[in-house]
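> Here you go, this is structure_34.txt (compact mmCIF, C-alpha atoms and all ligand atoms).
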# COMPACT_ATOMS: atom_id res chain seq x y z
CA MET I 1 -13.87 -14.91 -8.33
CA LEU I 2 -11.33 -12.12 -8.98
CA ASP I 3 -8.62 -14.52 -7.80
CA HIS I 4 -9.54 -17.32 -10.22
CA LYS I 5 -6.74 -19.13 -12.05
CA SER I 6 -6.66 -22.45 -13.83
CA ILE I 7 -4.70 -25.07 -11.89
CA ARG I 8 -2.88 -27.95 -13.58
CA LYS I 9 -1.14 -29.58 -10.59
CA PHE I 10 -3.07 -31.40 -7.92
CA THR I 11 -2.33 -33.15 -4.63
CA ASP I 12 -3.19 -36.83 -4.20
CA GLU I 13 -6.09 -36.09 -1.87
CA SER I 14 -9.44 -37.42 -3.08
CA PRO I 15 -12.42 -35.12 -2.48
CA SER I 16 -15.20 -36.77 -0.48
CA ASP I 17 -18.55 -37.81 -1.98
CA GLU I 18 -20.15 -34.98 -0.03
CA VAL I 19 -17.81 -32.39 -1.55
CA ILE I 20 -18.44 -33.76 -5.04
CA GLU I 21 -22.17 -33.71 -4.53
CA THR I 22 -22.10 -30.10 -3.26
CA ILE I 23 -20.10 -29.00 -6.31
CA VAL I 24 -22.43 -30.70 -8.79
CA ARG I 25 -25.54 -29.49 -6.95
CA ALA I 26 -24.16 -25.92 -7.12
CA GLY I 27 -23.65 -26.49 -10.84
CA GLN I 28 -27.24 -27.61 -11.21
CA GLN I 29 -28.48 -24.50 -9.44
CA ALA I 30 -27.16 -22.30 -12.29
CA PRO I 31 -29.84 -20.61 -14.36
CA PHE I 32 -30.96 -22.78 -17.27
CA ALA I 33 -32.95 -22.64 -20.48
CA SER I 34 -33.85 -26.35 -20.32
CA GLN I 35 -31.23 -28.25 -18.24
CA TYR I 36 -30.01 -29.66 -21.53
CA TYR I 37 -26.88 -31.26 -20.03
CA SER I 38 -25.50 -34.20 -18.06
CA VAL I 39 -22.22 -34.50 -16.20
CA LEU I 40 -19.96 -37.57 -16.25
CA LEU I 41 -17.36 -38.21 -13.56
CA SER I 42 -14.13 -40.19 -13.58
CA ARG I 43 -12.14 -40.63 -10.37
CA ASN I 44 -9.41 -42.49 -12.21
CA LYS I 45 -6.52 -40.36 -10.98
CA LYS I 46 -3.98 -42.38 -12.94
CA ARG I 47 -5.66 -41.73 -16.26
CA ASN I 48 -7.13 -38.27 -15.72
CA PRO I 49 -5.31 -35.28 -17.25
CA TRP I 50 -2.71 -33.84 -14.86
CA LYS I 51 -3.53 -36.87 -12.63
CA ALA I 52 -6.48 -34.88 -11.30
CA PRO I 53 -8.55 -36.75 -8.70
CA LEU I 54 -11.74 -35.71 -10.50
CA LEU I 55 -12.51 -35.40 -14.18
CA PHE I 56 -15.96 -34.09 -15.05
CA THR I 57 -17.18 -34.28 -18.63
CA ILE I 58 -19.98 -31.84 -19.27
CA CYS I 59 -22.25 -33.10 -22.03
CA ILE I 60 -25.03 -31.62 -24.10
CA ASP I 61 -27.85 -34.06 -23.44
CA SER I 62 -30.90 -34.25 -25.67
CA HIS I 63 -31.47 -37.94 -24.87
CA LYS I 64 -32.93 -37.53 -21.40
CA PHE I 65 -34.91 -34.47 -22.50
CA GLU I 66 -36.50 -36.50 -25.29
CA LEU I 67 -37.49 -39.18 -22.76
CA ILE I 68 -39.49 -36.49 -20.97
CA MET I 69 -41.02 -35.29 -24.24
CA ALA I 70 -42.03 -38.85 -25.10
CA ARG I 71 -43.76 -39.21 -21.75
CA ARG I 72 -45.70 -36.04 -22.54
CA LYS I 73 -46.38 -37.44 -26.06
CA TRP I 74 -44.37 -34.71 -27.77
CA LYS I 75 -41.58 -34.87 -30.32
CA LEU I 76 -38.83 -32.33 -30.86
CA ALA I 77 -39.65 -29.87 -33.63
CA THR I 78 -36.88 -27.35 -32.91
CA ASN I 79 -33.77 -27.71 -35.11
CA ASP I 80 -30.61 -29.12 -33.54
CA LEU I 81 -28.56 -25.93 -34.05
CA THR I 82 -30.96 -23.92 -31.89
CA LEU I 83 -31.07 -26.68 -29.28
CA LEU I 84 -27.30 -26.85 -29.28
CA ILE I 85 -26.82 -23.11 -28.82
CA PHE I 86 -29.20 -23.07 -25.86
CA GLY I 87 -27.70 -26.32 -24.56
CA ILE I 88 -24.15 -24.91 -24.67
CA GLN I 89 -25.30 -21.93 -22.61
CA ASP I 90 -26.90 -24.22 -20.02
CA ALA I 91 -23.82 -26.44 -19.87
CA ALA I 92 -21.36 -23.53 -19.67
CA LEU I 93 -23.23 -21.84 -16.83
CA MET I 94 -23.42 -25.12 -14.92
CA ALA I 95 -19.73 -25.84 -15.47
CA GLU I 96 -18.57 -22.44 -14.24
CA ASN I 97 -20.82 -22.72 -11.19
CA MET I 98 -18.96 -25.96 -10.43
CA VAL I 99 -15.62 -24.15 -10.72
CA VAL I 100 -16.74 -21.42 -8.31
CA ALA I 101 -18.32 -23.88 -5.87
CA GLY I 102 -15.17 -26.00 -5.96
CA ARG I 103 -13.03 -22.98 -5.06
CA SER I 104 -15.23 -22.20 -2.08
CA LEU I 105 -14.40 -25.70 -0.80
CA GLY I 106 -10.65 -25.43 -1.48
CA LEU I 107 -10.61 -27.21 -4.84
CA GLU I 108 -9.16 -25.81 -8.06
CA SER I 109 -9.66 -26.82 -11.67
CA CYS I 110 -8.88 -26.50 -15.34
CA PHE I 111 -11.09 -26.93 -18.39
CA LEU I 112 -10.08 -29.07 -21.37
CA GLY I 113 -11.50 -28.05 -24.72
CA SER I 114 -10.27 -31.14 -26.56
CA ALA I 115 -13.32 -33.18 -25.47
CA LEU I 116 -15.16 -31.90 -28.53
CA TYR I 117 -12.75 -33.61 -30.90
CA ARG I 118 -12.56 -36.77 -28.78
CA ALA I 119 -16.34 -37.11 -28.71
CA ASP I 120 -16.29 -40.57 -30.27
CA LYS I 121 -13.77 -41.95 -27.81
CA ILE I 122 -15.51 -40.44 -24.80
CA ALA I 123 -18.88 -41.73 -26.03
CA LYS I 124 -17.48 -45.29 -26.11
CA GLU I 125 -15.74 -44.97 -22.76
CA TYR I 126 -18.86 -43.77 -20.93
CA ASN I 127 -21.37 -45.72 -23.00
CA LEU I 128 -23.18 -42.56 -24.08
CA PRO I 129 -26.50 -42.99 -25.85
CA GLU I 130 -27.12 -41.16 -29.14
CA ARG I 131 -27.87 -37.45 -28.77
CA VAL I 132 -25.49 -36.99 -25.86
CA PHE I 133 -22.42 -34.96 -26.87
CA PRO I 134 -19.36 -34.33 -24.65
CA LEU I 135 -18.77 -30.58 -24.80
CA VAL I 136 -15.92 -29.87 -22.41
CA GLN I 137 -14.01 -31.53 -19.56
CA LEU I 138 -13.13 -30.10 -16.17
CA ALA I 139 -10.20 -31.52 -14.19
CA MET I 140 -10.52 -30.77 -10.49
CA GLY I 141 -8.78 -31.44 -7.21
CA TYR I 142 -6.88 -29.85 -4.34
CA PRO I 143 -4.18 -27.53 -5.75
CA ALA I 144 -0.46 -28.28 -5.68
CA GLU I 145 0.52 -24.97 -7.30
CA ASP I 146 -0.41 -21.33 -6.75
CA PRO I 147 0.31 -19.27 -9.86
CA PRO I 148 -0.58 -15.58 -10.15
CA THR I 149 -3.87 -14.66 -11.82
CA ARG I 150 -3.62 -14.43 -15.59
CA PRO I 151 -4.17 -11.16 -17.42
CA ARG I 152 -7.42 -10.06 -19.03
CA TYR I 153 -8.26 -7.35 -21.55
CA PRO I 154 -8.53 -3.82 -20.10
CA PHE I 155 -11.95 -3.05 -18.68
CA GLU I 156 -12.61 -0.40 -21.38
CA PHE I 157 -11.96 -3.06 -24.08
CA THR I 158 -14.70 -5.18 -22.51
CA LEU I 159 -17.61 -3.09 -21.23
CA PHE I 160 -19.22 -0.72 -23.71
CA GLU I 161 -21.95 1.36 -22.16
CA ASP I 162 -24.85 2.58 -24.30
CA LYS I 163 -22.95 2.38 -27.59
CA TYR I 164 -20.23 0.21 -29.14
CA PRO I 165 -17.25 2.58 -29.53
CA GLU I 166 -14.94 3.03 -32.48
CA LEU I 167 -11.90 1.02 -31.36
CA SER I 168 -8.83 3.12 -32.14
CA GLN I 169 -5.43 1.55 -32.85
CA GLU I 170 -4.24 2.94 -29.51
CA VAL I 171 -6.99 1.13 -27.64
CA VAL I 172 -6.22 -2.12 -29.50
CA SER I 173 -2.48 -1.72 -28.78
CA LYS I 174 -3.16 -1.17 -25.10
CA ALA I 175 -5.30 -4.31 -24.91
CA MET I 176 -2.65 -6.39 -26.71
CA LYS I 177 0.11 -4.99 -24.50
CA GLN I 178 -1.79 -5.76 -21.30
CA MET I 179 -2.33 -9.37 -22.38
CA ASP I 180 1.14 -9.98 -23.82
CA GLU I 181 3.14 -8.33 -21.06
CA GLY I 182 0.98 -10.00 -18.44
CA TYR I 183 1.67 -13.50 -19.78
CA LEU I 184 5.38 -12.75 -20.47
CA ALA I 185 5.85 -11.56 -16.87
CA GLN I 186 4.70 -15.01 -15.72
CA ASP I 187 6.88 -16.94 -18.26
CA TYR I 188 3.59 -18.66 -19.05
CA TYR I 189 4.41 -19.98 -22.54
CA ILE I 190 8.03 -20.92 -21.75
CA LYS I 191 6.88 -22.95 -18.77
CA ALA I 192 4.10 -24.58 -20.74
CA ARG I 193 6.35 -25.07 -23.83
CA ALA I 194 3.18 -24.17 -25.67
CA LYS I 195 4.33 -22.31 -28.78
CA ILE I 196 2.06 -23.27 -31.70
CA PRO I 197 4.03 -24.19 -34.85
CA LEU I 198 3.49 -22.08 -37.96
CA GLU I 199 2.00 -23.72 -41.02
CA ALA I 200 2.04 -22.98 -44.76
CA ASN I 201 5.73 -22.00 -44.93
CA ARG I 202 5.30 -19.03 -42.61
CA LYS I 203 8.68 -18.12 -41.16
CA GLU I 204 9.11 -18.25 -37.41
CA THR I 205 10.20 -14.87 -36.04
CA PHE I 206 9.19 -15.34 -32.40
CA THR I 207 11.17 -16.78 -29.52
CA TYR I 208 9.86 -17.49 -26.03
CA GLU I 209 11.24 -14.02 -25.20
CA ASN I 210 8.41 -12.36 -27.13
CA TYR I 211 5.88 -15.15 -27.88
CA SER I 212 2.78 -14.36 -25.88
CA TRP I 213 -1.00 -14.54 -25.83
CA THR I 214 -1.97 -12.43 -28.86
CA GLU I 215 0.43 -14.35 -31.12
CA HIS I 216 -0.72 -17.65 -29.58
CA ILE I 217 -4.42 -17.00 -30.12
CA CYS I 218 -3.78 -15.71 -33.68
CA ARG I 219 -1.89 -18.93 -34.48
CA LYS I 220 -4.81 -20.98 -33.20
CA TRP I 221 -7.67 -19.28 -34.91
CA GLY I 222 -5.55 -18.19 -37.88
CA GLN I 223 -4.59 -21.76 -38.80
CA TRP I 224 -6.79 -24.41 -37.25
CA TYR I 225 -10.12 -25.91 -38.34
CA PRO I 226 -10.87 -23.86 -41.47
CA ASP I 227 -13.60 -26.34 -42.38
CA ALA I 228 -16.54 -27.12 -40.12
CA LYS I 229 -16.95 -30.52 -41.79
CA GLU I 230 -14.96 -32.54 -39.24
CA LEU I 231 -16.92 -31.14 -36.32
CA LEU I 232 -20.25 -31.46 -38.10
CA GLU I 233 -19.44 -35.12 -38.73
CA LEU I 234 -18.69 -35.67 -35.04
CA PHE I 235 -22.07 -34.18 -34.16
CA GLU I 236 -23.79 -36.24 -36.89
CA LYS I 237 -22.22 -39.40 -35.47
CA ARG I 238 -23.75 -38.60 -32.09
CA GLY I 239 -27.15 -38.03 -33.72
CA PHE I 240 -27.14 -34.20 -33.90
CA HIS I 241 -27.91 -32.84 -37.38
CA LEU I 242 -26.84 -29.24 -37.57
CA THR I 243 -27.18 -28.58 -41.27
CA ARG I 244 -30.35 -30.49 -42.06
CA LYS I 245 -33.58 -31.56 -40.49
CA ARG I 246 -33.48 -34.40 -37.98
CA LYS I 247 -34.78 -37.66 -39.34
CA THR I 248 -38.07 -38.52 -37.73
CA ALA I 249 -39.10 -42.11 -37.05
CA LYS I 250 -41.45 -41.77 -40.06
CA ASP I 251 -38.61 -40.73 -42.42
CA LYS I 252 -36.60 -43.76 -41.37
CA ASP I 253 -39.35 -46.20 -42.50
C1 LIG V 1 -13.60 -23.97 -23.08
C2 LIG V 1 -12.21 -23.95 -22.48
C3 LIG V 1 -11.27 -24.87 -22.90
C4 LIG V 1 -10.00 -24.90 -22.33
N1 LIG V 1 -9.11 -25.86 -22.73
C5 LIG V 1 -7.92 -25.95 -22.12
C6 LIG V 1 -7.02 -27.02 -22.45
O1 LIG V 1 -7.32 -27.86 -23.29
N2 LIG V 1 -5.82 -27.08 -21.80
C7 LIG V 1 -5.47 -26.16 -20.85
O2 LIG V 1 -4.37 -26.27 -20.29
N3 LIG V 1 -6.30 -25.14 -20.49
C8 LIG V 1 -7.51 -25.02 -21.10
N4 LIG V 1 -8.39 -24.02 -20.74
C9 LIG V 1 -8.01 -23.05 -19.69
C10 LIG V 1 -7.55 -21.74 -20.30
O3 LIG V 1 -6.30 -21.93 -20.89
C11 LIG V 1 -7.50 -20.67 -19.20
O4 LIG V 1 -8.76 -20.51 -18.61
C12 LIG V 1 -7.02 -19.32 -19.77
O5 LIG V 1 -5.68 -19.45 -20.18
C13 LIG V 1 -7.10 -18.21 -18.73
O6 LIG V 1 -6.32 -18.57 -17.61
P1 LIG V 1 -6.94 -18.66 -16.14
O7 LIG V 1 -8.13 -19.57 -16.19
O8 LIG V 1 -5.83 -19.20 -15.28
O9 LIG V 1 -7.34 -17.26 -15.76
C14 LIG V 1 -9.66 -23.96 -21.31
C15 LIG V 1 -10.62 -23.03 -20.88
C16 LIG V 1 -11.88 -23.03 -21.45
C17 LIG V 1 -12.92 -22.04 -20.93
For this file, write the structure as structure tokens.


Amino acid sequence: MLDHKSIRKFTDESPSDEVIETIVRAGQQAPFASQYYSVLLSRNKKRNPWKAPLLFTICIDSHKFELIMARRKWKLATNDLTLLIFGIQDAALMAENMVVAGRSLGLESCFLGSALYRADKIAKEYNLPERVFPLVQLAMGYPAEDPPTRPRYPFEFTLFEDKYPELSQEVVSKAMKQMDEGYLAQDYYIKARAKIPLEANRKETFTYENYSWTEHICRKWGQWYPDAKELLELFEKRGFHLTRKRKTAKDKD
């Protein structure tokens, strides 16, 4: 696990059904709150991102859970935000178990966060019923690259024993330096050509010589998605109501 790295180049080799089943079974064996997920698979190498032999889409799935509730003659009372937060934890634990299991069998992978915003398209493609929401995708296959591990924050910026410390400017600088120098040493952003453009007339002062992770992440979360409306609408479209009560069958009459 200490050698994990995301892989974005894969060989042509198709993993066997047995390998796929082992990986998904290992995912299922993750701890869960309510197994509030389903996993979709595409083996369409030509269309999958990075031409990966496998593309898993990990979904939040209330649909199949509600089928069980109906059989027990229950209806959901819990609000969708609570269900979603627990569901995301279930799905994330299952997905990372799949990554780790894959590695133990020689496969590597990379997550794709864009699934969230392509929920509509994915729902059509896989014929998803209402109340199934694609959370994240995981491209997987046998690796055709072997990059170094990517940097992480210093340990003391991560684990706080007994009490959350006052984070001095020195500690923050050290954490930023470790991340930025680590990515620069790998030419990560030059190779990926991944510099995020500045908006709102901000003047560009970075080149690929000094553009690194802390600037990259600030540009993401300092510019993108200021309004939750778009995402809330995507959830609403899939039948999840995060800001109001779910409509019951009675309300619909
Ligand atoms: C939820 C999530 C979404 C991600 N989305 C993308 C993505 O859309 N494209 C991509 O190239 N990598 C994506 N990644 C991979 C991260 O970029 C990667 O894990 C991070 O840079 C750390 O690198 P490492 O995994 O090689 O250690 C995603 C990872 C996670 C957990």

> Suppose you want the space between atom CA of Tyr36 of chain I and atom CA of Pro15 of chain I; what is it in Å?

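If I compute the distance from atom CA of Tyr36 of chain I to atom CA of Pro15 of chain I, I get 26.5 Å.
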
> Any idea what the distance is between atom CA of Leu128 of chain I and atom CA of Tyr37 of chain I?

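Interatomic distance, atom CA of Leu128 of chain I to atom CA of Tyr37 of chain I: 12.6 Å.
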
> Residues up to 9 Å from ligand LIG 1 (chain V), counting all atoms listed in the file: could you list those as a PDB file with C-alpha atoms, keeping the file's coordinate frame?


ATOM      1  CA  ASP I   3      -8.620 -14.520  -7.800  1.00  0.00           C
ATOM      2  CA  HIS I   4      -9.540 -17.320 -10.220  1.00  0.00           C
ATOM      3  CA  LYS I   5      -6.740 -19.130 -12.050  1.00  0.00           C
ATOM      4  CA  SER I   6      -6.660 -22.450 -13.830  1.00  0.00           C
ATOM      5  CA  ILE I   7      -4.700 -25.070 -11.890  1.00  0.00           C
ATOM      6  CA  ARG I   8      -2.880 -27.950 -13.580  1.00  0.00           C
ATOM      7  CA  ALA I  92     -21.360 -23.530 -19.670  1.00  0.00           C
ATOM      8  CA  GLU I  96     -18.570 -22.440 -14.240  1.00  0.00           C
ATOM      9  CA  SER I 109      -9.660 -26.820 -11.670  1.00  0.00           C
ATOM     10  CA  CYS I 110      -8.880 -26.500 -15.340  1.00  0.00           C
ATOM     11  CA  PHE I 111     -11.090 -26.930 -18.390  1.00  0.00           C
ATOM     12  CA  LEU I 112     -10.080 -29.070 -21.370  1.00  0.00           C
ATOM     13  CA  GLY I 113     -11.500 -28.050 -24.720  1.00  0.00           C
ATOM     14  CA  SER I 114     -10.270 -31.140 -26.560  1.00  0.00           C
ATOM     15  CA  ALA I 115     -13.320 -33.180 -25.470  1.00  0.00           C
ATOM     16  CA  LEU I 135     -18.770 -30.580 -24.800  1.00  0.00           C
ATOM     17  CA  VAL I 136     -15.920 -29.870 -22.410  1.00  0.00           C
ATOM     18  CA  GLN I 137     -14.010 -31.530 -19.560  1.00  0.00           C
ATOM     19  CA  LEU I 138     -13.130 -30.100 -16.170  1.00  0.00           C
ATOM     20  CA  PRO I 147       0.310 -19.270  -9.860  1.00  0.00           C
ATOM     21  CA  PRO I 148      -0.580 -15.580 -10.150  1.00  0.00           C
ATOM     22  CA  THR I 149      -3.870 -14.660 -11.820  1.00  0.00           C
ATOM     23  CA  ARG I 150      -3.620 -14.430 -15.590  1.00  0.00           C
ATOM     24  CA  PRO I 151      -4.170 -11.160 -17.420  1.00  0.00           C
ATOM     25  CA  ARG I 152      -7.420 -10.060 -19.030  1.00  0.00           C
ATOM     26  CA  ALA I 192       4.100 -24.580 -20.740  1.00  0.00           C
ATOM     27  CA  TRP I 213      -1.000 -14.540 -25.830  1.00  0.00           C
TER      28      TRP I 213
END

> What does the distance between atom CA of Lys45 of chain I and atom CA of Ser16 of chain I come to in Å, to one decimal place?

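Between these atoms lies a distance of 14.1 Å.
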
> Please identify all polymer residues lying at most 10 Å from the point (-9.2, -37.3, -9.8) (file coordinates), using only C-alpha atoms, and present the result as a PyMOL selection string.

chain I and resi 10-15+41-56+139-142

> Have a look at I:Ala77, I:Val171, I:Ile60, I:Leu67 and name the one nearest to Lys245 of chain I; count all atoms listed in the file.

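Closest residue, counting all atoms listed in the file: I:Ala77.
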
> Determine the nearest neighbour of His216 of chain I from the options I:Arg193, I:Lys121, I:Arg244, I:Arg131, counting all atoms listed in the file.

I:Arg193

> If I only have part of segment 137-168 of chain I, can you fill in N, CA and C atoms and write it as an mmCIF file, in the frame of the given file?


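Now in result.cif:
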data_model
loop_
_atom_site.group_PDB
_atom_site.id
_atom_site.type_symbol
_atom_site.label_atom_id
_atom_site.label_comp_id
_atom_site.auth_asym_id
_atom_site.auth_seq_id
_atom_site.Cartn_x
_atom_site.Cartn_y
_atom_site.Cartn_z
ATOM 1 N N GLN I 137 -14.355 -30.794 -20.789
ATOM 2 C CA GLN I 137 -14.010 -31.530 -19.560
ATOM 3 C C GLN I 137 -13.448 -30.562 -18.527
ATOM 4 N N LEU I 138 -13.580 -30.948 -17.267
ATOM 5 C CA LEU I 138 -13.130 -30.100 -16.170
ATOM 6 C C LEU I 138 -12.361 -30.986 -15.184
ATOM 7 N N ALA I 139 -11.032 -30.783 -15.156
ATOM 8 C CA ALA I 139 -10.200 -31.520 -14.190
ATOM 9 C C ALA I 139 -10.223 -30.743 -12.890
ATOM 10 N N MET I 140 -10.377 -31.461 -11.774
ATOM 11 C CA MET I 140 -10.520 -30.770 -10.490
ATOM 12 C C MET I 140 -9.856 -31.535 -9.350
ATOM 13 N N GLY I 141 -9.375 -30.808 -8.385
ATOM 14 C CA GLY I 141 -8.780 -31.440 -7.210
ATOM 15 C C GLY I 141 -8.213 -30.370 -6.291
ATOM 16 N N TYR I 142 -7.524 -30.813 -5.235
ATOM 17 C CA TYR I 142 -6.880 -29.850 -4.340
ATOM 18 C C TYR I 142 -5.572 -29.394 -4.984
ATOM 19 N N PRO I 143 -5.300 -28.073 -4.969
ATOM 20 C CA PRO I 143 -4.180 -27.530 -5.750
ATOM 21 C C PRO I 143 -2.811 -27.864 -5.177
ATOM 22 N N ALA I 144 -1.856 -28.102 -6.085
ATOM 23 C CA ALA I 144 -0.460 -28.280 -5.680
ATOM 24 C C ALA I 144 0.403 -27.217 -6.340
ATOM 25 N N GLU I 145 -0.211 -26.131 -6.773
ATOM 26 C CA GLU I 145 0.520 -24.970 -7.300
ATOM 27 C C GLU I 145 -0.329 -23.734 -7.018
ATOM 28 N N ASP I 146 0.334 -22.564 -7.012
ATOM 29 C CA ASP I 146 -0.410 -21.330 -6.750
ATOM 30 C C ASP I 146 0.128 -20.214 -7.649
ATOM 31 N N PRO I 147 -0.205 -20.295 -8.942
ATOM 32 C CA PRO I 147 0.310 -19.270 -9.860
ATOM 33 C C PRO I 147 -0.423 -17.944 -9.658
ATOM 34 N N PRO I 148 0.141 -16.864 -10.212
ATOM 35 C CA PRO I 148 -0.580 -15.580 -10.150
ATOM 36 C C PRO I 148 -1.794 -15.630 -11.083
ATOM 37 N N THR I 149 -2.729 -14.715 -10.889
ATOM 38 C CA THR I 149 -3.870 -14.660 -11.820
ATOM 39 C C THR I 149 -3.352 -14.252 -13.197
ATOM 40 N N ARG I 150 -4.032 -14.762 -14.219
ATOM 41 C CA ARG I 150 -3.620 -14.430 -15.590
ATOM 42 C C ARG I 150 -4.292 -13.144 -16.051
ATOM 43 N N PRO I 151 -3.631 -12.465 -16.996
ATOM 44 C CA PRO I 151 -4.170 -11.160 -17.420
ATOM 45 C C PRO I 151 -5.493 -11.279 -18.167
ATOM 46 N N ARG I 152 -6.203 -10.189 -18.229
ATOM 47 C CA ARG I 152 -7.420 -10.060 -19.030
ATOM 48 C C ARG I 152 -7.324 -8.750 -19.810
ATOM 49 N N TYR I 153 -8.183 -8.612 -20.820
ATOM 50 C CA TYR I 153 -8.260 -7.350 -21.550
ATOM 51 C C TYR I 153 -8.551 -6.205 -20.570
ATOM 52 N N PRO I 154 -8.147 -4.969 -20.938
ATOM 53 C CA PRO I 154 -8.530 -3.820 -20.100
ATOM 54 C C PRO I 154 -10.059 -3.729 -20.025
ATOM 55 N N PHE I 155 -10.510 -3.167 -18.936
ATOM 56 C CA PHE I 155 -11.950 -3.050 -18.680
ATOM 57 C C PHE I 155 -12.651 -2.310 -19.840
ATOM 58 N N GLU I 156 -11.964 -1.223 -20.336
ATOM 59 C CA GLU I 156 -12.610 -0.400 -21.380
ATOM 60 C C GLU I 156 -12.600 -1.095 -22.746
ATOM 61 N N PHE I 157 -11.943 -2.260 -22.845
ATOM 62 C CA PHE I 157 -11.960 -3.060 -24.080
ATOM 63 C C PHE I 157 -13.040 -4.147 -23.951
ATOM 64 N N THR I 158 -13.765 -4.102 -22.832
ATOM 65 C CA THR I 158 -14.700 -5.180 -22.510
ATOM 66 C C THR I 158 -16.126 -4.671 -22.315
ATOM 67 N N LEU I 159 -16.261 -3.616 -21.507
ATOM 68 C CA LEU I 159 -17.610 -3.090 -21.230
ATOM 69 C C LEU I 159 -17.847 -1.827 -22.048
ATOM 70 N N PHE I 160 -18.875 -1.869 -22.871
ATOM 71 C CA PHE I 160 -19.220 -0.720 -23.710
ATOM 72 C C PHE I 160 -20.612 -0.242 -23.307
ATOM 73 N N GLU I 161 -20.646 0.892 -22.648
ATOM 74 C CA GLU I 161 -21.950 1.360 -22.160
ATOM 75 C C GLU I 161 -22.671 2.182 -23.227
ATOM 76 N N ASP I 162 -23.908 1.872 -23.414
ATOM 77 C CA ASP I 162 -24.850 2.580 -24.300
ATOM 78 C C ASP I 162 -24.551 2.400 -25.793
ATOM 79 N N LYS I 163 -23.274 2.416 -26.175
ATOM 80 C CA LYS I 163 -22.950 2.380 -27.590
ATOM 81 C C LYS I 163 -21.609 1.696 -27.793
ATOM 82 N N TYR I 164 -21.513 0.855 -28.831
ATOM 83 C CA TYR I 164 -20.230 0.210 -29.140
ATOM 84 C C TYR I 164 -19.298 1.279 -29.700
ATOM 85 N N PRO I 165 -18.121 1.473 -29.087
ATOM 86 C CA PRO I 165 -17.250 2.580 -29.530
ATOM 87 C C PRO I 165 -16.456 2.230 -30.779
ATOM 88 N N GLU I 166 -15.916 3.245 -31.424
ATOM 89 C CA GLU I 166 -14.940 3.030 -32.480
ATOM 90 C C GLU I 166 -13.642 2.630 -31.776
ATOM 91 N N LEU I 167 -13.092 1.469 -32.087
ATOM 92 C CA LEU I 167 -11.900 1.020 -31.360
ATOM 93 C C LEU I 167 -10.650 1.524 -32.081
ATOM 94 N N SER I 168 -10.012 2.530 -31.494
ATOM 95 C CA SER I 168 -8.830 3.120 -32.140
ATOM 96 C C SER I 168 -7.650 2.152 -32.049
#
